[in-house]
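Asker: Okay, here's the structure, questions in a sec.
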Amino acid sequence: MRVIFDAMKRAALAGLLAVGSLMGTTAMAETVFVHPVGNIPPHLNRLLTTDIAASTVAELMMEPLVVQDADYVPQPLLATAWEVNADSTEFRFTIRQGVTFHNGEAMKASDVAFTLRTYLPLAPQTSLLKDYIEEITAPDDTTVVVRLNRPFAPFVAALAGIPIVPESVFGDGQDVLTHPANMAPI
């Protein structure tokens, strides 16, 4: 499924680039890209659904710490690197600087920690991870530390299913399952 979505993203980007090169940069800013989906997505928060339409749209707006390459090996995306301790129970992620959410706010390690603490137990694709998590901390703006209670070999690969959301939006005390921001690009 990931390969199909990646191919769709590449095709969409290629189409946008082709239109932009034909129309010039001024016209590109006014161009709207339309991509059909099979049904109206129930919301746009990919963390809470396995709905194909929601996932298709949300994957174009939300990104995880890592992605999996064609061989299913985790590659950096919002995380630039990670270190693992000797017994594979502590993962220290370095967070990419200069990334902003759709609301213009800079992404920080606290957003990553909030997302993992809040959504790991809820996300259909990764809810099994909750049994392994001991602690998630953000000691500074560019570091997230995840401690597991026992080793879990596919831990980093599983994070490819967790797009990061802003704590300032979803950490306002409202229920994340019914939060109004689930229907907006974040």
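The way I read the labels, and the way they are meant: chains A, B, ... in the order of the structure tokens, residue 1 as the first residue of every chain, and ligand 1 as the first ligand shown, with later ones counted on from there.
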Report as a PyMOL selection string: the residues of chain A with a DSSP assignment of strand (DSSP E), based on the backbone of this structure.
Answerer: chain A and resi 66-68+74-76+79-84+90-95+133-140+143-148
Asker: If we count only C-alpha atoms, what is near A:Phe170 at a cut-off of 10 Å, once residues fewer than 2 positions away on the same chain are taken out, given as a list in words?
Answerer: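 So, after excluding close chain neighbours, the residues are Asp111, Phe114, Thr115, Thr118, Val165, Pro166, Glu167, Ser168, Asp172, Gly173, Gln174, Asp175, Val176, Leu177, His179, Pro180, Ala181, Asn182 and Ile186 of chain A.
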Asker: Within 12 Å of stretch 80-88 of chain A, counting only C-alpha atoms, which residues qualify if same-chain residues fewer than 6 places away don't, as a list in words?
Answerer: Pro64, Leu65, Val66, Val67, Pro74, Thr94, Ile95, Arg96, Gln97, Gly98, Val99, Tyr132, Thr142, Thr143, Val144, Val145, Val146, Arg147, Leu148, Asn149, Arg150, Pro151, Phe152, Ala153, Pro154, Phe155 and Val156 of chain A
Asker: Write out as a PyMOL selection string the set of residues from stretch 19-154 of chain A that DSSP, computed on the backbone, places in alpha helix (DSSP H).
Answerer: chain A and resi 19-30+52-58+109-119
Asker: Please identify all polymer residues within 12 Å of A:Ala184, counting only C-alpha atoms, omitting same-chain residues fewer than 6 positions from it, and present them as a list in words.
Answerer: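 Once the adjacent positions are removed, what remains is Pro41, Pro42, His43, Leu44, Asn45, Arg46, Ala54, Val57, Ala58, Met61, Met62, Phe101, His102, Asn103, Val165, Val169 and Phe170 of chain A.
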Asker: Quick one: distance from atom CA of A:Met183 to atom CA of A:Asp69 in Å, one decimal?
Answerer: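 Atom-to-atom, atom CA of A:Met183 to atom CA of A:Asp69, that is 29.1 Å.
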